[in-house]
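The file input.cif contains mmCIF, C-alpha atoms and all ligand atoms:
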data_structure
#
loop_
_atom_site.label_atom_id
_atom_site.label_comp_id
_atom_site.auth_asym_id
_atom_site.auth_seq_id
_atom_site.Cartn_x
_atom_site.Cartn_y
_atom_site.Cartn_z
CA MET A 1 -17.72 -2.57 -16.68
CA LYS A 2 -14.55 -1.96 -14.77
CA SER A 3 -11.83 -1.88 -17.36
CA ASP A 4 -10.62 1.67 -16.92
CA ARG A 5 -7.51 1.01 -14.93
CA SER A 6 -5.13 2.32 -17.56
CA VAL A 7 -7.03 5.39 -18.72
CA GLY A 8 -6.15 8.91 -17.59
CA LEU A 9 -6.20 9.75 -13.93
CA THR A 10 -9.11 11.62 -12.43
CA PRO A 11 -8.30 14.94 -10.75
CA ALA A 12 -8.60 13.22 -7.37
CA SER A 13 -6.17 10.51 -8.44
CA ARG A 14 -3.80 13.09 -9.82
CA LEU A 15 -3.88 14.93 -6.48
CA ARG A 16 -3.24 11.66 -4.67
CA ARG A 17 -0.28 10.95 -6.94
CA GLU A 18 1.17 14.39 -6.21
CA GLU A 19 0.70 13.94 -2.48
CA ALA A 20 2.27 10.51 -2.61
CA GLN A 21 5.34 12.04 -4.21
CA ASN A 22 5.65 14.69 -1.53
CA PRO A 23 7.34 13.28 1.56
CA THR A 24 6.07 16.09 3.78
CA THR A 25 2.46 14.91 3.47
CA PRO A 26 1.10 11.90 5.39
CA GLU A 27 0.35 10.31 1.98
CA GLY A 28 3.92 10.84 0.87
CA ARG A 29 5.23 9.28 4.05
CA ILE A 30 3.03 6.23 3.64
CA ALA A 31 4.19 5.94 0.02
CA PHE A 32 7.75 5.97 1.31
CA PHE A 33 7.07 3.27 3.91
CA VAL A 34 5.27 1.13 1.35
CA GLY A 35 8.26 1.50 -0.95
CA LEU A 36 10.60 0.60 1.88
CA ALA A 37 8.57 -2.49 2.71
CA GLN A 38 8.61 -3.54 -0.93
CA ILE A 39 12.38 -3.79 -1.12
CA PRO A 40 12.70 -7.57 -1.24
CA ASP A 41 15.98 -8.34 0.47
CA GLN A 42 18.53 -6.78 2.73
CA LEU A 43 19.39 -3.18 2.12
CA ARG A 44 22.91 -2.26 1.22
CA GLU A 45 24.78 0.99 1.28
CA GLY A 46 24.07 2.93 -1.93
CA ASP A 47 21.07 0.82 -2.91
CA ARG A 48 18.89 1.71 -5.89
CA LEU A 49 16.69 3.66 -3.55
CA ASN A 50 18.75 6.25 -1.82
CA VAL A 51 17.20 5.11 1.39
CA GLN A 52 19.18 7.18 3.82
CA ALA A 53 18.42 10.45 2.05
CA ASP A 54 14.74 9.46 1.77
CA VAL A 55 14.61 8.63 5.46
CA GLN A 56 16.09 12.01 6.29
CA THR A 57 13.46 13.77 4.16
CA VAL A 58 10.57 11.75 5.53
CA LEU A 59 11.66 12.34 9.12
CA GLY A 60 12.52 15.97 8.43
CA TRP A 61 15.85 15.46 10.14
CA SER A 62 18.68 17.94 9.98
CA ASP A 63 22.04 16.95 8.52
CA ALA A 64 23.39 16.63 12.05
CA GLU A 65 20.59 14.25 13.04
CA ALA A 66 20.96 12.40 9.73
CA LYS A 67 24.35 11.13 10.86
CA LYS A 68 22.41 8.65 13.02
CA ILE A 69 20.69 7.13 9.98
CA SER A 70 22.39 3.79 9.54
CA ILE A 71 21.45 1.41 6.78
CA GLU A 72 21.54 -1.50 9.26
CA GLU A 73 18.93 0.11 11.45
CA ILE A 74 16.70 0.93 8.49
CA ALA A 75 16.99 -2.69 7.36
CA SER A 76 16.06 -4.00 10.79
CA THR A 77 13.11 -1.61 11.04
CA LYS A 78 11.88 -2.55 7.57
CA GLN A 79 10.52 -5.89 8.78
CA ARG A 80 8.38 -4.22 11.42
CA VAL A 81 7.12 -1.66 8.88
CA LEU A 82 6.13 -4.51 6.60
CA GLU A 83 4.29 -6.24 9.45
CA GLU A 84 2.36 -3.11 10.40
CA LEU A 85 1.40 -2.32 6.81
CA GLY A 86 0.42 -5.98 6.39
CA LYS A 87 -2.00 -5.67 9.31
CA VAL A 88 -3.57 -2.60 7.75
CA ALA A 89 -3.82 -4.31 4.35
CA ALA A 90 -5.40 -7.39 5.92
CA ALA A 91 -7.98 -5.29 7.76
CA ASN A 92 -8.68 -3.42 4.53
CA ALA A 93 -9.13 -6.66 2.59
CA LEU A 94 -11.67 -7.74 5.18
CA ASN A 95 -13.45 -4.39 5.10
CA ILE A 96 -13.64 -4.50 1.32
CA LYS A 97 -15.09 -8.00 1.50
CA ILE A 98 -17.83 -6.96 3.87
CA GLY A 99 -18.38 -3.63 2.13
CA ARG A 100 -17.14 -1.26 4.83
CA HIS A 101 -14.56 0.74 2.97
CA GLU A 102 -14.81 3.70 5.28
CA ASP A 103 -13.79 2.01 8.48
CA LEU A 104 -10.45 2.86 9.94
CA PRO A 105 -8.68 -0.43 9.44
CA PHE A 106 -6.04 0.11 12.04
CA ALA A 107 -8.16 0.94 15.05
CA SER A 108 -6.63 -2.07 16.74
CA ILE A 109 -3.08 -0.87 16.19
CA LEU A 110 -2.17 1.08 19.25
CA LEU A 111 0.82 3.27 19.54
CA ASP A 112 3.09 1.49 21.95
CA PRO A 113 3.66 3.85 24.93
CA GLU A 114 7.24 2.64 25.06
CA LEU A 115 7.66 3.85 21.49
CA VAL A 116 6.19 7.25 22.26
CA ARG A 117 8.48 7.62 25.28
CA SER A 118 11.58 6.92 23.27
CA VAL A 119 11.04 9.59 20.63
CA ALA A 120 11.55 13.32 21.08
CA LEU A 121 8.46 14.95 19.60
CA GLN A 122 8.28 18.47 18.35
CA VAL A 123 5.77 20.25 16.12
CA VAL A 124 7.47 21.81 13.12
CA PRO A 125 5.44 24.18 10.92
CA GLY A 126 5.16 22.82 7.40
CA HIS A 127 6.30 19.41 8.43
CA GLY A 128 3.89 18.29 11.13
CA ILE A 129 5.24 16.30 13.99
CA HIS A 130 8.98 15.90 14.01
CA ALA A 131 10.13 12.72 15.67
CA GLY A 132 13.69 12.89 16.91
CA GLY A 133 15.62 10.45 19.02
CA PRO A 134 16.81 7.00 17.98
CA LEU A 135 16.10 6.09 14.37
CA ARG A 136 13.92 3.02 14.79
CA PRO A 137 11.30 4.52 17.14
CA ALA A 138 11.35 7.75 15.11
CA LEU A 139 10.57 5.82 11.93
CA LEU A 140 7.83 3.75 13.55
CA PHE A 141 6.29 6.77 15.21
CA THR A 142 6.27 8.60 11.87
CA LEU A 143 4.61 5.60 10.23
CA PHE A 144 1.85 5.42 12.84
CA GLU A 145 1.35 9.16 12.81
CA ALA A 146 0.95 9.17 9.02
CA LEU A 147 -1.43 6.20 9.20
CA GLY A 148 -3.60 8.24 11.52
CA ARG A 149 -3.70 11.21 9.16
CA ILE A 150 -3.97 9.90 5.60
CA ARG A 151 -7.32 10.44 3.96
CA ASN A 152 -7.59 6.95 2.51
CA PRO A 153 -6.07 4.39 4.86
CA ASP A 154 -8.15 1.83 2.99
CA TYR A 155 -5.90 2.33 -0.03
CA ILE A 156 -3.10 0.43 1.68
CA ARG A 157 -3.58 -2.98 0.11
CA ARG A 158 -2.01 -6.28 -0.73
CA CYS A 159 -1.83 -7.13 -4.42
CA LEU A 160 -4.47 -9.68 -5.37
CA ALA A 161 -2.33 -11.41 -7.99
CA HIS A 162 -1.95 -15.07 -6.96
CA ASP A 163 1.84 -14.91 -7.23
CA CYS A 164 2.58 -11.41 -5.92
CA ALA A 165 1.06 -10.31 -2.60
CA ARG A 166 3.10 -7.10 -2.44
CA ILE A 167 1.81 -4.29 -0.25
CA PHE A 168 0.99 -1.21 -2.30
CA PHE A 169 -0.63 2.19 -1.89
CA ALA A 170 -3.52 2.44 -4.34
CA GLU A 171 -4.09 5.56 -6.40
CA HIS A 172 -7.85 5.05 -6.47
CA GLY A 173 -10.47 2.87 -4.83
CA ASN A 174 -10.71 0.37 -7.68
CA GLN A 175 -7.04 -0.51 -7.80
CA PHE A 176 -6.51 -4.03 -6.47
CA PHE A 177 -3.18 -4.90 -8.07
CA CYS A 178 0.17 -3.34 -7.29
CA THR A 179 0.94 -2.58 -10.94
CA PRO A 180 -0.84 -2.76 -14.32
CA ARG A 181 1.61 -5.54 -15.07
CA CYS A 182 0.26 -7.63 -12.19
CA ALA A 183 -3.32 -6.86 -13.20
CA ASN A 184 -2.69 -8.02 -16.77
CA ARG A 185 -0.73 -11.10 -15.76
CA GLU A 186 -3.42 -12.10 -13.28
CA ALA A 187 -6.18 -11.60 -15.86
CA SER A 188 -4.53 -13.93 -18.35
CA TRP A 189 -3.69 -16.41 -15.58
CA ARG A 190 -7.32 -16.49 -14.43
CA PHE A 191 -8.46 -16.87 -18.01
CA ARG A 192 -6.18 -19.87 -18.52
CA GLU A 193 -7.22 -21.39 -15.18
CA ALA A 194 -10.88 -21.01 -16.06
CA LYS A 195 -10.31 -22.80 -19.35
CA LYS A 196 -8.60 -25.69 -17.57
CA LYS A 197 -11.58 -26.34 -15.35
CA PRO A 198 -14.36 -28.55 -16.71
CA LYS A 199 -17.12 -26.42 -18.16
CA LYS A 200 -20.19 -26.06 -16.07
CA THR A 201 -23.06 -27.78 -17.83
CA ALA A 202 -26.08 -25.65 -18.45
CA ASN A 203 -28.64 -26.14 -15.74
CA PRO A 204 -31.41 -28.19 -17.36
CA THR A 205 -33.89 -27.16 -14.70
CA ALA A 206 -33.37 -23.45 -15.34
CA GLY A 207 -36.60 -21.57 -15.00
CA ARG A 208 -38.70 -20.38 -17.90
CA GLY A 209 -37.45 -17.32 -19.57
CA SER A 210 -33.85 -18.39 -19.10
CA ARG A 211 -31.80 -17.36 -22.05
CA ARG A 212 -29.28 -19.47 -23.77
CA ALA A 213 -25.88 -18.62 -22.33
CA ARG A 214 -23.88 -16.49 -24.64
CA VAL A 215 -20.25 -17.25 -25.00
CA VAL A 216 -18.34 -14.08 -24.44
CA GLN A 217 -15.49 -13.90 -26.85
CA GLY A 218 -12.29 -12.16 -25.92
CA SER A 219 -12.53 -8.44 -26.46
CA LYS A 220 -11.30 -7.10 -29.76
CA GLY A 221 -8.06 -5.33 -29.22
ZN ZN B 1 1.42 -7.36 -7.67
#

As structure tokens, how would this structure be written, given the file I've shared?
Amino acid sequence: MKSDRSVGLTPASRLRREEAQNPTTPEGRIAFFVGLAQIPDQLREGDRLNVQADVQTVLGWSDAEAKKISIEEIASTKQRVLEELGKVAAANALNIKIGRHEDLPFASILLDPELVRSVALQVVPGHGIHAGGPLRPALLFTLFEALGRIRNPDYIRRCLAHDCARIFFAEHGNQFFCTPRCANREASWRFREAKKKPKKTANPTAGRGSRRARVVQGSKG
């Protein structure tokens, strides 16, 4: 029975949540990029997410470098981020279907040599690789670098709710919806859809020993 999605987090999930909130870890960077990709429309100055400050933190840029962080360039890079994360999520969905959770889903995503050439790379203790240079390649390089280092790349997924399809970063292996809200909405939607369909008639040729189907009533509470 897999109905434990809302109960307390396991220690591993708690650790993952902490890492995802720390923008100096690969997990935290991926969480940032997933959040960036989730913003539905064009970014504007002073948006609900303080995107420019977040970008500075994720890139580990100094205040002087941060002057290059324009909201227009973030907005134009966002589409590419969404595409790349979408590829990873699609590969993960396939892996989950065929039962190969462990495979690196992005083996086919190669770092574009042009991209690597246009960033100024530097190893910074406590931060990992610092990508300087123009904003767009720096962001994309940081995304790819984090993808290569996170422990659970298979947790980058697309919400399975029929009307959502958002990319999200799962907190544990059994999370298939972006939010509990989506999970609940989808469950009641599927329940209603199943009721609409004509009931399957019991198979009259069922073998001996077949038990009468029990109607499962909705759970109490
Ligand atoms: Zn969703």

Original post:
Pick the closest to Cys164 in chain A from A:Thr77, A:Ser118, A:Gln38, A:Gln56: which is it, counting only C-alpha atoms?
Top reply: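 Distance minimum relative to Cys164 in chain A lands on A:Gln38.
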
Original post:
At what distance in Å, to one decimal, does CA of Arg80 in chain A lie from CA of Pro180 in chain A?
Top reply: 27.4 Å

Report, as AutoDock Vina command-line options, the centre and edge lengths in Å (one decimal) of the axis-aligned box enclosing every listed atom of range 139-157 of chain A, padded by 4 Å on each side.
--center_x 1.2 --center_y 4.1 --center_z 7.6 --size_x 26.7 --size_y 22.2 --size_z 23.2

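The space separating CA of Cys182 in chain A from CA of Ile167 in chain A comes to 12.5 Å.
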
Subject >> Straight-line distance linking CA of Gly126 in chain A with CA of Arg14 in chain A, stated in Å to one decimal >> reply: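 CA of Arg14 in chain A lies at a distance of 21.7 Å from CA of Gly126 in chain A.
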
**OP:** Go through A:Ala161, A:Ile98, A:Ala170, A:Arg185 one by one, measure the shortest atom-to-atom distance of each to ligand ZN 1 (chain B) using all atoms listed in the file, and give the residue with the smallest value.
**Re:**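 So, comparing all the options, the nearest one is A:Ala161.
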
**OP:** Residues within 7 Å of ligand ZN 1 (chain B), counting all atoms listed in the file: report them as a list of chain:residue names.
**Re:**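 The residues within 7 Å of ligand ZN 1 (chain B), counting all atoms listed in the file, are A:Cys159, A:Leu160, A:Ala161, A:Cys164, A:Ala165, A:Arg166, A:Phe177, A:Cys178, A:Thr179, A:Cys182.
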
Subject >> Selection: 7 Å around Pro137 in chain A, all atoms listed in the file, excl. self and same-chain fewer than 2 positions, as number ranges by chain >> reply: A: 115, 118-119, 134-135, 139-141

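If you measure from each of A:Arg192, A:His130, A:Arg149, A:His172 to Leu59 in chain A using all atoms listed in the file, the closest one turns out to be A:His130.
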
**OP:** Might you pull out every residue within 12 Å of Ser13 in chain A, with only C-alpha atoms counted and same-chain residues fewer than 2 positions away left off, and present them as a count of residues only?
**Re:** 21

**OP:** Compute the distance from (22.8, 6.9, 11.5) to each atom, counting all atoms listed in the file, keep the residues with any atom at most 12 Å away, and return them as a list in words; use the coordinates of the file.
**Re:** Glu45, Val51, Gln52, Ala53, Val55, Gln56, Trp61, Ser62, Asp63, Ala64, Glu65, Ala66, Lys67, Lys68, Ile69, Ser70, Ile71, Glu72, Glu73, Ile74, Ala75, Gly133, Pro134, Leu135 and Arg136 of chain A

Selected residues, C-alpha atoms, written as a PDB file, keeping the file's coordinate frame, please.
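Okay, this is what ended up in selection_10.pdb:
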ATOM      1  CA  GLU A  45      24.780   0.990   1.280  1.00  0.00           C
ATOM      2  CA  VAL A  51      17.200   5.110   1.390  1.00  0.00           C
ATOM      3  CA  GLN A  52      19.180   7.180   3.820  1.00  0.00           C
ATOM      4  CA  ALA A  53      18.420  10.450   2.050  1.00  0.00           C
ATOM      5  CA  VAL A  55      14.610   8.630   5.460  1.00  0.00           C
ATOM      6  CA  GLN A  56      16.090  12.010   6.290  1.00  0.00           C
ATOM      7  CA  TRP A  61      15.850  15.460  10.140  1.00  0.00           C
ATOM      8  CA  SER A  62      18.680  17.940   9.980  1.00  0.00           C
ATOM      9  CA  ASP A  63      22.040  16.950   8.520  1.00  0.00           C
ATOM     10  CA  ALA A  64      23.390  16.630  12.050  1.00  0.00           C
ATOM     11  CA  GLU A  65      20.590  14.250  13.040  1.00  0.00           C
ATOM     12  CA  ALA A  66      20.960  12.400   9.730  1.00  0.00           C
ATOM     13  CA  LYS A  67      24.350  11.130  10.860  1.00  0.00           C
ATOM     14  CA  LYS A  68      22.410   8.650  13.020  1.00  0.00           C
ATOM     15  CA  ILE A  69      20.690   7.130   9.980  1.00  0.00           C
ATOM     16  CA  SER A  70      22.390   3.790   9.540  1.00  0.00           C
ATOM     17  CA  ILE A  71      21.450   1.410   6.780  1.00  0.00           C
ATOM     18  CA  GLU A  72      21.540  -1.500   9.260  1.00  0.00           C
ATOM     19  CA  GLU A  73      18.930   0.110  11.450  1.00  0.00           C
ATOM     20  CA  ILE A  74      16.700   0.930   8.490  1.00  0.00           C
ATOM     21  CA  ALA A  75      16.990  -2.690   7.360  1.00  0.00           C
ATOM     22  CA  GLY A 133      15.620  10.450  19.020  1.00  0.00           C
ATOM     23  CA  PRO A 134      16.810   7.000  17.980  1.00  0.00           C
ATOM     24  CA  LEU A 135      16.100   6.090  14.370  1.00  0.00           C
ATOM     25  CA  ARG A 136      13.920   3.020  14.790  1.00  0.00           C
TER      26      ARG A 136
END

**OP:** Could you give me, as a PyMOL selection string, the residues that have an atom at most 9 Å away from the point (8.9, -4.4, 2.1) in the coordinates of the file, using all atoms listed in the file?
**Re:** chain A and resi 33-41+78-79+81-83+166-167

Could you save those same residues with C-alpha atoms as a PDB file, keeping the file's coordinate frame?
ATOM      1  CA  PHE A  33       7.070   3.270   3.910  1.00  0.00           C
ATOM      2  CA  VAL A  34       5.270   1.130   1.350  1.00  0.00           C
ATOM      3  CA  GLY A  35       8.260   1.500  -0.950  1.00  0.00           C
ATOM      4  CA  LEU A  36      10.600   0.600   1.880  1.00  0.00           C
ATOM      5  CA  ALA A  37       8.570  -2.490   2.710  1.00  0.00           C
ATOM      6  CA  GLN A  38       8.610  -3.540  -0.930  1.00  0.00           C
ATOM      7  CA  ILE A  39      12.380  -3.790  -1.120  1.00  0.00           C
ATOM      8  CA  PRO A  40      12.700  -7.570  -1.240  1.00  0.00           C
ATOM      9  CA  ASP A  41      15.980  -8.340   0.470  1.00  0.00           C
ATOM     10  CA  LYS A  78      11.880  -2.550   7.570  1.00  0.00           C
ATOM     11  CA  GLN A  79      10.520  -5.890   8.780  1.00  0.00           C
ATOM     12  CA  VAL A  81       7.120  -1.660   8.880  1.00  0.00           C
ATOM     13  CA  LEU A  82       6.130  -4.510   6.600  1.00  0.00           C
ATOM     14  CA  GLU A  83       4.290  -6.240   9.450  1.00  0.00           C
ATOM     15  CA  ARG A 166       3.100  -7.100  -2.440  1.00  0.00           C
ATOM     16  CA  ILE A 167       1.810  -4.290  -0.250  1.00  0.00           C
TER      17      ILE A 167
END

Could you rebuild range 169-191 of chain A with N, CA and C atoms and give me the result as an mmCIF file, in the coordinates of the input?
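Written output follows (part14.cif):
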data_model
loop_
_atom_site.group_PDB
_atom_site.id
_atom_site.type_symbol
_atom_site.label_atom_id
_atom_site.label_comp_id
_atom_site.auth_asym_id
_atom_site.auth_seq_id
_atom_site.Cartn_x
_atom_site.Cartn_y
_atom_site.Cartn_z
ATOM 1 N N PHE A 169 0.216 1.060 -2.282
ATOM 2 C CA PHE A 169 -0.630 2.190 -1.890
ATOM 3 C C PHE A 169 -1.425 2.578 -3.133
ATOM 4 N N ALA A 170 -2.704 2.264 -3.141
ATOM 5 C CA ALA A 170 -3.520 2.440 -4.340
ATOM 6 C C ALA A 170 -3.707 3.920 -4.687
ATOM 7 N N GLU A 171 -3.848 4.189 -5.972
ATOM 8 C CA GLU A 171 -4.090 5.560 -6.400
ATOM 9 C C GLU A 171 -5.578 5.877 -6.433
ATOM 10 N N HIS A 172 -6.395 4.847 -6.494
ATOM 11 C CA HIS A 172 -7.850 5.050 -6.470
ATOM 12 C C HIS A 172 -8.500 3.795 -5.904
ATOM 13 N N GLY A 173 -9.780 3.935 -5.548
ATOM 14 C CA GLY A 173 -10.470 2.870 -4.830
ATOM 15 C C GLY A 173 -10.590 1.550 -5.577
ATOM 16 N N ASN A 174 -10.527 1.601 -6.907
ATOM 17 C CA ASN A 174 -10.710 0.370 -7.680
ATOM 18 C C ASN A 174 -9.405 -0.289 -8.078
ATOM 19 N N GLN A 175 -8.323 0.125 -7.467
ATOM 20 C CA GLN A 175 -7.040 -0.510 -7.800
ATOM 21 C C GLN A 175 -6.775 -1.657 -6.818
ATOM 22 N N PHE A 176 -6.710 -2.874 -7.335
ATOM 23 C CA PHE A 176 -6.510 -4.030 -6.470
ATOM 24 C C PHE A 176 -5.213 -4.784 -6.757
ATOM 25 N N PHE A 177 -4.456 -4.282 -7.736
ATOM 26 C CA PHE A 177 -3.180 -4.900 -8.070
ATOM 27 C C PHE A 177 -2.083 -3.858 -7.939
ATOM 28 N N CYS A 178 -0.886 -4.309 -7.580
ATOM 29 C CA CYS A 178 0.170 -3.340 -7.290
ATOM 30 C C CYS A 178 0.582 -2.572 -8.545
ATOM 31 N N THR A 179 0.524 -3.217 -9.694
ATOM 32 C CA THR A 179 0.940 -2.580 -10.940
ATOM 33 C C THR A 179 0.006 -3.050 -12.058
ATOM 34 N N PRO A 180 -0.070 -2.286 -13.155
ATOM 35 C CA PRO A 180 -0.840 -2.760 -14.320
ATOM 36 C C PRO A 180 -0.294 -4.102 -14.806
ATOM 37 N N ARG A 181 0.999 -4.294 -14.648
ATOM 38 C CA ARG A 181 1.610 -5.540 -15.070
ATOM 39 C C ARG A 181 0.999 -6.727 -14.313
ATOM 40 N N CYS A 182 0.872 -6.574 -12.992
ATOM 41 C CA CYS A 182 0.260 -7.630 -12.190
ATOM 42 C C CYS A 182 -1.196 -7.848 -12.583
ATOM 43 N N ALA A 183 -1.912 -6.764 -12.825
ATOM 44 C CA ALA A 183 -3.320 -6.860 -13.200
ATOM 45 C C ALA A 183 -3.466 -7.657 -14.499
ATOM 46 N N ASN A 184 -2.612 -7.343 -15.475
ATOM 47 C CA ASN A 184 -2.690 -8.020 -16.770
ATOM 48 C C ASN A 184 -2.287 -9.483 -16.658
ATOM 49 N N ARG A 185 -1.201 -9.724 -15.904
ATOM 50 C CA ARG A 185 -0.730 -11.100 -15.760
ATOM 51 C C ARG A 185 -1.782 -11.947 -15.065
ATOM 52 N N GLU A 186 -2.405 -11.371 -14.028
ATOM 53 C CA GLU A 186 -3.420 -12.100 -13.280
ATOM 54 C C GLU A 186 -4.638 -12.378 -14.159
ATOM 55 N N ALA A 187 -5.002 -11.411 -14.995
ATOM 56 C CA ALA A 187 -6.180 -11.600 -15.860
ATOM 57 C C ALA A 187 -5.939 -12.760 -16.813
ATOM 58 N N SER A 188 -4.745 -12.821 -17.411
ATOM 59 C CA SER A 188 -4.530 -13.930 -18.350
ATOM 60 C C SER A 188 -4.369 -15.246 -17.589
ATOM 61 N N TRP A 189 -3.804 -15.181 -16.378
ATOM 62 C CA TRP A 189 -3.690 -16.410 -15.580
ATOM 63 C C TRP A 189 -5.076 -16.950 -15.229
ATOM 64 N N ARG A 190 -5.957 -16.053 -14.790
ATOM 65 C CA ARG A 190 -7.320 -16.490 -14.430
ATOM 66 C C ARG A 190 -8.057 -17.039 -15.635
ATOM 67 N N PHE A 191 -7.810 -16.420 -16.778
ATOM 68 C CA PHE A 191 -8.460 -16.870 -18.010
ATOM 69 C C PHE A 191 -8.005 -18.292 -18.334
#
